[in-house]
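One file, run.txt, is given below (compact mmCIF, C-alpha atoms).
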```txt
# COMPACT_ATOMS: atom_id res chain seq x y z
CA MET A 85 -9.82 25.18 -81.22
CA LYS A 86 -13.27 26.10 -79.96
CA LEU A 87 -16.20 23.87 -80.83
CA ASN A 88 -19.91 24.35 -80.31
CA TYR A 89 -21.95 21.44 -79.08
CA ASN A 90 -25.49 20.64 -78.12
CA TYR A 91 -26.74 17.92 -75.84
CA ASP A 92 -29.76 16.10 -74.55
CA GLY A 93 -29.77 16.39 -70.75
CA ASN A 94 -32.03 13.36 -70.33
CA ILE A 95 -29.87 11.02 -72.38
CA ALA A 96 -26.72 12.34 -70.68
CA CYS A 97 -28.26 11.78 -67.26
CA ARG A 98 -29.44 8.25 -68.08
CA THR A 99 -26.03 7.28 -69.43
CA ILE A 100 -24.31 8.58 -66.30
CA LEU A 101 -26.77 6.65 -64.10
CA GLN A 102 -26.20 3.44 -66.05
CA ASP A 103 -22.41 3.81 -65.87
CA GLN A 104 -22.40 4.52 -62.14
CA LEU A 105 -24.87 1.77 -61.21
CA GLU A 106 -22.94 -0.77 -63.25
CA LYS A 107 -19.66 0.35 -61.75
CA LEU A 108 -21.10 -0.29 -58.27
CA ASN A 109 -22.66 -3.60 -59.35
CA ILE A 110 -26.20 -2.52 -58.47
CA SER A 111 -28.92 -4.10 -60.63
CA TYR A 112 -31.49 -1.57 -61.80
CA GLN A 113 -34.28 -0.80 -64.19
CA LEU A 114 -34.65 2.58 -65.85
CA LEU A 115 -38.24 3.80 -65.59
CA ASP A 116 -39.87 7.01 -66.80
CA LEU A 117 -37.99 10.30 -66.75
CA GLY A 118 -36.35 10.90 -63.38
CA GLN A 119 -37.04 7.43 -61.95
CA ILE A 120 -35.11 4.23 -61.59
CA GLU A 121 -35.91 1.08 -59.71
CA ILE A 122 -33.30 -0.77 -57.67
CA SER A 123 -33.61 -3.70 -55.31
CA ASP A 124 -35.01 -2.91 -51.83
CA ASN A 125 -32.34 -4.96 -50.10
CA ILE A 126 -29.44 -2.82 -51.27
CA SER A 127 -26.98 -2.32 -48.38
CA GLU A 128 -26.80 1.09 -46.75
CA GLU A 129 -23.15 1.18 -47.67
CA SER A 130 -23.65 0.81 -51.40
CA PHE A 131 -26.59 3.24 -51.28
CA ASP A 132 -24.28 5.85 -49.75
CA GLU A 133 -21.66 5.03 -52.34
CA LEU A 134 -24.22 5.55 -55.09
CA GLN A 135 -25.30 8.91 -53.66
CA THR A 136 -21.70 10.08 -53.41
CA SER A 137 -20.78 9.00 -56.91
CA LEU A 138 -23.86 10.70 -58.41
CA LYS A 139 -23.26 13.93 -56.50
CA ARG A 140 -20.22 14.58 -58.67
CA PHE A 141 -22.59 14.93 -61.64
CA ALA A 142 -25.06 17.10 -59.66
CA ILE A 143 -27.54 14.20 -59.64
CA HIS A 144 -29.37 13.94 -56.32
CA ILE A 145 -31.51 11.08 -55.08
CA ILE A 146 -34.72 12.61 -53.80
CA ASP A 147 -36.11 10.94 -50.71
CA ASN A 148 -38.71 13.48 -49.58
CA PRO A 149 -42.18 12.76 -51.05
CA LYS A 150 -43.05 16.40 -51.74
CA ALA A 151 -39.69 17.00 -53.42
CA GLN A 152 -40.38 13.86 -55.44
CA LEU A 153 -43.73 15.21 -56.58
CA ILE A 154 -42.15 18.53 -57.57
CA GLN A 155 -39.51 16.74 -59.61
CA LYS A 156 -42.25 14.73 -61.35
CA ILE A 157 -44.16 17.93 -62.16
CA LYS A 158 -41.00 19.51 -63.58
CA ASP A 159 -40.20 16.40 -65.62
CA ALA A 160 -43.74 16.22 -67.01
CA ILE A 161 -43.54 19.87 -68.08
CA ILE A 162 -40.08 19.53 -69.60
CA GLU A 163 -41.28 16.48 -71.52
CA ILE A 164 -43.99 18.45 -73.33
CA VAL A 165 -41.83 21.54 -73.85
CA TYR A 166 -39.18 19.43 -75.59
CA ASN A 167 -41.56 17.21 -77.62
CA LYS A 168 -44.10 19.09 -79.67
CA ASP A 169 -45.95 15.83 -80.42
CA LYS A 170 -46.51 15.17 -76.73
CA PHE A 171 -48.12 18.55 -76.14
CA PRO A 172 -51.56 17.71 -74.67
CA ASN A 173 -54.81 18.50 -76.46
CA THR A 174 -56.38 19.11 -73.07
CA THR A 175 -55.45 21.87 -70.65
CA ILE A 176 -52.13 21.73 -68.81
CA SER A 177 -53.98 21.33 -65.51
CA GLN A 178 -55.85 18.28 -66.86
CA TYR A 179 -52.63 16.83 -68.29
CA LEU A 180 -50.71 17.17 -65.01
CA SER A 181 -53.46 15.91 -62.80
CA ASP A 182 -54.04 12.85 -65.05
CA LYS A 183 -50.35 12.11 -65.31
CA LEU A 184 -49.56 12.48 -61.61
CA ASN A 185 -52.84 11.27 -60.12
CA TYR A 186 -53.39 14.23 -57.83
CA ARG A 187 -55.95 17.01 -57.79
CA TYR A 188 -54.58 20.02 -59.67
CA GLY A 189 -55.18 22.25 -56.63
CA TYR A 190 -52.84 20.09 -54.57
CA ILE A 191 -50.23 20.00 -57.34
CA THR A 192 -50.11 23.80 -57.71
CA ASN A 193 -49.97 24.40 -53.95
CA VAL A 194 -47.06 22.04 -53.38
CA PHE A 195 -45.29 23.43 -56.43
CA SER A 196 -45.46 27.11 -55.49
CA GLU A 197 -44.68 26.44 -51.84
CA TYR A 198 -41.31 24.89 -52.72
CA THR A 199 -40.26 26.57 -55.95
CA TYR A 200 -41.32 30.20 -55.32
CA THR A 201 -43.01 30.29 -58.69
CA SER A 202 -46.24 29.07 -60.28
CA ILE A 203 -46.59 26.14 -62.66
CA GLU A 204 -47.71 28.57 -65.39
CA ASN A 205 -44.59 30.64 -64.90
CA PHE A 206 -42.37 27.55 -64.79
CA ILE A 207 -43.75 26.44 -68.17
CA ILE A 208 -43.00 29.86 -69.65
CA ILE A 209 -39.44 29.81 -68.26
CA GLN A 210 -38.84 26.33 -69.72
CA LYS A 211 -40.23 27.31 -73.12
CA ILE A 212 -38.00 30.38 -73.24
CA GLU A 213 -35.02 28.26 -72.12
CA ARG A 214 -35.61 25.99 -75.09
CA ALA A 215 -36.13 28.99 -77.38
CA LYS A 216 -32.68 30.25 -76.31
CA LYS A 217 -31.08 26.91 -77.20
CA LEU A 218 -32.80 26.88 -80.60
CA ILE A 219 -31.81 30.48 -81.34
CA ILE A 220 -28.16 29.69 -80.55
CA GLU A 221 -28.23 26.54 -82.71
CA GLU A 222 -29.24 28.73 -85.68
CA LYS A 223 -30.99 25.84 -87.46
CA LEU A 224 -34.50 27.24 -87.21
CA SER A 225 -35.91 30.67 -87.96
CA LEU A 226 -37.77 32.48 -85.19
CA THR A 227 -41.07 31.64 -86.91
CA GLU A 228 -40.16 27.96 -86.94
CA ILE A 229 -39.11 28.16 -83.29
CA SER A 230 -42.46 29.69 -82.33
CA TYR A 231 -44.20 26.80 -84.13
CA GLU A 232 -41.93 24.23 -82.44
CA LEU A 233 -42.86 25.68 -79.03
CA ASN A 234 -46.60 25.85 -79.73
CA TYR A 235 -46.85 29.63 -79.79
CA SER A 236 -49.72 30.97 -81.85
CA SER A 237 -47.46 33.56 -83.49
CA VAL A 238 -43.88 34.75 -83.60
CA ALA A 239 -45.00 38.03 -82.06
CA TYR A 240 -46.31 36.18 -79.03
CA LEU A 241 -43.02 34.30 -78.63
CA SER A 242 -41.08 37.59 -78.83
CA THR A 243 -43.33 39.20 -76.23
CA GLN A 244 -42.89 36.32 -73.82
CA PHE A 245 -39.14 36.20 -74.49
CA LYS A 246 -38.90 39.88 -73.61
CA LYS A 247 -40.97 39.39 -70.48
CA VAL A 248 -38.77 36.57 -69.15
CA THR A 249 -35.35 37.93 -70.14
CA GLY A 250 -35.89 41.65 -70.60
CA LEU A 251 -34.29 41.29 -74.05
CA THR A 252 -35.69 40.81 -77.53
CA PRO A 253 -34.64 37.56 -79.27
CA SER A 254 -32.38 39.52 -81.63
CA MET A 255 -30.66 41.39 -78.80
CA PHE A 256 -30.17 38.04 -77.05
CA LYS A 257 -28.51 36.60 -80.15
CA ARG A 258 -26.31 39.69 -80.51
CA VAL A 259 -25.12 39.43 -76.88
CA ILE A 260 -24.28 35.72 -77.28
CA ASP A 261 -22.38 36.36 -80.54
CA LYS A 262 -20.41 39.25 -79.07
CA ARG A 263 -19.56 37.26 -75.96
CA ARG A 264 -18.17 34.49 -78.15
CA LYS A 265 -16.14 36.94 -80.18
CA LEU A 266 -14.77 38.45 -76.98
CA SER A 267 -13.71 35.08 -75.54
CA ASN A 268 -12.16 34.07 -78.88
CA THR A 269 -9.91 37.11 -79.00
CA GLU A 270 -8.63 36.72 -75.46
CA MET B 569 -27.76 22.64 -58.78
CA ILE B 570 -28.70 23.37 -55.18
CA ALA B 571 -31.14 21.40 -53.11
CA HIS B 572 -34.43 23.07 -52.28
CA LYS B 573 -33.65 23.41 -48.59
CA ASP B 574 -30.31 25.24 -48.90
CA PRO B 575 -30.47 28.94 -48.04
CA MET B 576 -29.66 31.28 -50.90
CA HIS B 577 -26.34 33.06 -50.40
CA ILE B 578 -26.44 36.67 -51.50
CA LEU B 579 -23.58 39.21 -51.65
CA LEU B 580 -23.93 42.93 -52.22
CA ALA B 581 -21.23 45.52 -52.94
CA ASP B 582 -22.44 49.11 -52.78
CA ASP B 583 -20.65 52.22 -51.45
CA ASP B 584 -23.87 54.04 -50.55
CA GLU B 585 -24.93 53.40 -46.97
CA ASP B 586 -28.63 54.15 -47.57
CA ASP B 587 -28.76 51.86 -50.58
CA ARG B 588 -27.22 49.05 -48.52
CA ALA B 589 -29.79 49.56 -45.77
CA PHE B 590 -32.72 49.53 -48.24
CA PHE B 591 -31.33 46.45 -49.90
CA SER B 592 -30.96 44.54 -46.61
CA GLU B 593 -34.47 45.47 -45.61
CA ALA B 594 -35.86 44.25 -48.94
CA ILE B 595 -33.96 40.97 -48.58
CA MET B 596 -35.25 40.50 -45.03
CA GLU B 597 -38.82 40.58 -46.31
CA LEU B 598 -38.24 37.65 -48.68
CA LYS B 599 -39.96 34.41 -47.80
CA MET B 600 -36.98 32.48 -49.06
CA ASP B 601 -34.36 31.36 -46.56
CA ASN B 602 -31.23 33.40 -47.28
CA LYS B 603 -27.89 34.64 -46.03
CA LEU B 604 -26.77 38.15 -46.99
CA THR B 605 -23.20 39.51 -46.82
CA LEU B 606 -22.50 43.20 -47.47
CA PHE B 607 -19.41 44.99 -48.82
CA THR B 608 -18.85 48.73 -48.97
CA ASN B 609 -16.70 48.62 -52.12
CA GLY B 610 -15.53 46.45 -54.99
CA ASN B 611 -12.00 45.94 -53.63
CA GLY B 612 -13.38 44.48 -50.41
CA LEU B 613 -15.64 42.15 -52.34
CA MET B 614 -12.85 40.90 -54.60
CA ASP B 615 -10.47 40.38 -51.66
CA TYR B 616 -13.17 38.26 -50.03
CA LEU B 617 -14.00 36.23 -53.15
CA VAL B 618 -10.44 35.04 -53.68
CA LEU B 619 -10.23 33.52 -50.17
CA PRO B 620 -9.87 29.78 -50.64
CA ASP B 621 -12.35 28.47 -48.05
CA ILE B 622 -15.46 30.61 -48.57
CA LYS B 623 -18.83 29.20 -49.57
CA LEU B 624 -19.52 30.72 -52.98
CA PRO B 625 -22.65 32.88 -53.26
CA HIS B 626 -25.54 31.96 -55.56
CA ILE B 627 -25.87 35.55 -56.62
CA LEU B 628 -23.97 38.78 -56.17
CA PHE B 629 -25.22 42.31 -56.67
CA LEU B 630 -22.77 44.95 -57.85
CA ASP B 631 -23.32 48.68 -57.91
CA LEU B 632 -21.95 50.03 -61.18
CA ASN B 633 -20.33 53.18 -59.79
CA MET B 634 -18.08 52.60 -56.81
CA PRO B 635 -14.80 54.24 -55.84
CA GLY B 636 -11.86 51.88 -56.35
CA LYS B 637 -12.92 48.89 -58.42
CA THR B 638 -16.13 49.63 -60.30
CA GLY B 639 -18.91 47.11 -60.79
CA ILE B 640 -17.77 46.41 -64.36
CA GLU B 641 -14.17 45.84 -63.25
CA CYS B 642 -15.35 43.36 -60.61
CA LEU B 643 -17.58 41.68 -63.19
CA LYS B 644 -14.67 41.24 -65.61
CA GLU B 645 -12.45 39.73 -62.91
CA ILE B 646 -15.22 37.39 -61.79
CA ARG B 647 -15.95 36.18 -65.32
CA ALA B 648 -12.24 35.63 -66.00
CA ASN B 649 -12.17 33.04 -63.20
CA THR B 650 -13.90 29.71 -63.87
CA ARG B 651 -14.30 29.13 -60.15
CA PHE B 652 -17.24 31.56 -60.28
CA LYS B 653 -18.95 30.11 -63.35
CA ASP B 654 -22.06 29.14 -61.36
CA VAL B 655 -22.39 32.49 -59.60
CA SER B 656 -25.02 34.82 -61.05
CA VAL B 657 -23.95 38.44 -61.25
CA ALA B 658 -26.49 41.24 -61.05
CA ILE B 659 -25.41 44.76 -61.95
CA TYR B 660 -27.46 47.67 -60.80
CA SER B 661 -27.19 51.08 -62.23
CA THR B 662 -29.02 54.34 -62.73
CA SER B 663 -28.71 54.06 -66.51
CA SER B 664 -31.41 52.41 -68.59
CA SER B 665 -29.81 52.95 -71.99
CA GLU B 666 -30.03 49.90 -74.21
CA LYS B 667 -26.35 50.23 -75.09
CA ASP B 668 -25.28 50.09 -71.41
CA ILE B 669 -27.53 47.10 -70.81
CA GLU B 670 -26.19 45.23 -73.83
CA ASP B 671 -22.55 46.00 -72.98
CA THR B 672 -23.02 44.76 -69.40
CA PHE B 673 -24.47 41.46 -70.61
CA ILE B 674 -21.65 41.06 -73.13
CA GLU B 675 -19.16 41.41 -70.26
CA GLY B 676 -20.83 38.44 -68.58
CA ALA B 677 -23.54 39.84 -66.30
CA ASN B 678 -26.72 37.78 -65.88
CA ILE B 679 -28.98 40.44 -64.47
CA TYR B 680 -29.28 44.15 -65.12
CA ILE B 681 -31.30 46.22 -62.70
CA LYS B 682 -32.29 49.79 -63.33
CA LYS B 683 -32.24 51.18 -59.79
CA PRO B 684 -35.82 52.03 -58.80
CA ASN B 685 -36.51 55.34 -57.10
CA ASP B 686 -38.74 54.20 -54.29
CA PHE B 687 -38.51 51.45 -51.72
CA SER B 688 -41.64 49.50 -52.65
CA ALA B 689 -40.47 49.26 -56.28
CA LEU B 690 -37.03 48.12 -55.07
CA LYS B 691 -38.57 45.37 -52.96
CA LYS B 692 -40.58 44.12 -55.91
CA VAL B 693 -37.55 44.13 -58.23
CA ILE B 694 -35.32 42.29 -55.76
CA LYS B 695 -37.98 39.66 -55.16
CA GLU B 696 -38.37 39.06 -58.89
CA VAL B 697 -34.61 38.84 -59.40
CA ILE B 698 -34.08 36.43 -56.51
CA ASN B 699 -36.99 34.22 -57.61
CA MET B 700 -35.76 34.10 -61.20
CA ASN B 701 -32.24 33.30 -60.01
CA TRP B 702 -33.64 30.51 -57.83
CA GLN B 703 -35.23 28.93 -60.90
CA PHE B 704 -31.86 28.89 -62.64
CA HIS B 705 -30.17 27.24 -59.69
CA THR B 706 -32.83 24.65 -58.93
CA SER B 707 -34.16 23.69 -62.37
CA GLY B 708 -30.99 22.94 -64.30
CA LEU B 709 -31.25 25.98 -66.55
CA ASN B 710 -28.14 27.18 -68.34
CA ILE B 711 -26.55 30.04 -66.43
CA GLU B 712 -24.43 31.03 -69.44
CA THR B 713 -27.57 32.11 -71.27
CA PHE B 714 -29.29 33.54 -68.20
CA PHE B 715 -30.24 37.16 -68.86
CA PHE B 716 -32.74 39.20 -66.94
CA SER B 717 -33.11 42.92 -67.42
CA ILE B 718 -35.57 44.67 -65.18
```

As structure tokens, please, write out the structure in this file.
Amino acid sequence: MKLNYNYDGNIACRTILQDQLEKLNISYQLLDLGQIEISDNISEESFDELQTSLKRFAIHIIDNPKAQLIQKIKDAIIEIVYNKDKFPNTTISQYLSDKLNYRYGYITNVFSEYTYTSIENFIIIQKIERAKKLIIEEKLSLTEISYELNYSSVAYLSTQFKKVTGLTPSMFKRVIDKRRKLSNTE
Amino acid sequence: MIAHKDPMHILLADDDEDDRAFFSEAIMELKMDNKLTLFTNGNGLMDYLVLPDIKLPHILFLDLNMPGKTGIECLKEIRANTRFKDVSVAIYSTSSSEKDIEDTFIEGANIYIKKPNDFSALKKVIKEVINMNWQFHTSGLNIETFFFSI
């Protein structure tokens, strides 16, 4: 039997972290997205153990300050792409620089140096990623999806979708459906 | 997901010597740290991929028309093996018909490249493909719904 499922990556990640930390008897506090606080006097041994056990779930502890900043930028962007209500009334540059307490010029330089893309482009990629999930879920129409993702019109969403994937939303849906059919008949 | 400092591992299978040379040159001009391995046909590529101890590539480029195993045949074998589920597959071809593009994606390709005619266009296309692929590997995006037609 084949089942479809959806998931919330943040909740999944937090649950894994909680399970692993408790298994290793490390006391912790979950902070904002992508951050936890643990005691400073944790032994090197149990820190290594924690790193190893998280690696299995592709969760990496980031200990380089620039990499940490990049992760915070990504998390802040993903937060607004996945919560329409959190979408800032100000510009994205203002939102990021307020949230992260750095000049926007510094934020964009660090970001493009390490990720080989711009913040603007990263936002577009994340929005289209969410659009793909919503299209596959089939609960919302394309017009509703464009509203959910703060696009001014469905035409604009389709144009950006085509730019990022090379496909129209309907061709994307067709490919996914046919792939499923193919793997069901095998 | 890969860490930011890992080099990107790239494989290419193409029977045309000139195309391989152009491709290598385009890859060499990338800013991103990378490791490129070349194959002159699909059989050689598939023999290599089934070796147990290799480091799997992040992306592999397949020419559609090769003697022996074609690009599509390689693609089907790769997608039938869950060991390669995190490997992006880019097909490049001289066709730009929508039907060919759609069929290639249905078979499990992530990227479809219409072979450009001149070198500067090729460099630009490869850079865009590699950068987009990097985003999928470093930002937790779903590779099963990764499509990029260029």

request  = Record the distance separating atom CA of B:Asp601 and atom CA of B:Ala589, expressed in Å with one decimal.
outcome  = 18.8 Å

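Compared by their closest atoms to B:Leu598, and using all atoms listed in the file, the residues B:Pro625, B:Pro575, B:Gly639, B:Pro684 rank with B:Pro575 nearest.
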
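Reported to one decimal place, the separation of atom CA of A:Ser242 from atom CA of B:Ala677 is 21.7 Å.
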
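Pairwise distance (atom CA of B:Lys695, atom CA of B:Phe629) equals 13.1 Å.
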
inquiry  = Can you tell me which residues surround A:Ile161 at a distance of at most 12 Å, considering all atoms listed in the file, apart from same-chain residues fewer than 2 positions away, and format the answer as a ChimeraX atom specification?
reply    = /A:117,154-159,163-168,170-172,176-177,179-181,183-184,203-211 /B:707

Within 6 Å of chain A: each chain B residue with its shortest pair, all atoms listed in the file, as a tab-separated table:
```
residue	atom	partner	partner_atom	distance
B:Ile674	CA	A:Arg263	CA	5.2
B:Phe715	CA	A:Thr249	CA	5.3
B:Phe716	CA	A:Thr249	CA	4.3
B:Ser717	CA	A:Gly250	CA	4.4
```

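Neighbouring residues of A:Lys139 at 12 Å or closer, counting all atoms listed in the file and skipping chain neighbours under 3 positions away, are Ile100, Leu101, Gln104, Asp132, Glu133, Leu134, Gln135, Thr136, Ala142, Ile143, His144, Ile145 and Ile146 of chain A; Met569, Ile570 and Ala571 of chain B.
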
request  = List the neighbours of A:Ala239 out to 10 Å using only C-alpha atoms; skip same-chain residues closer than 4 positions along the sequence, and give me the result as a ChimeraX atom specification.
outcome  = /A:226-227,230,235,243-245

ask   = Near B:Leu624, within 10 Å and counting all atoms listed in the file, which residues show up once chain neighbours fewer than 6 positions away are dropped, as a ChimeraX atom specification?
value = /B:577-579,617,651-652,654-655

query = Looking at only C-alpha atoms, which of B:Thr706, B:Tyr660, B:Lys603, B:Phe591 is the one that sits closest to B:Lys692?
reply =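 With only C-alpha atoms as the atom set, the closest residue is B:Phe591.
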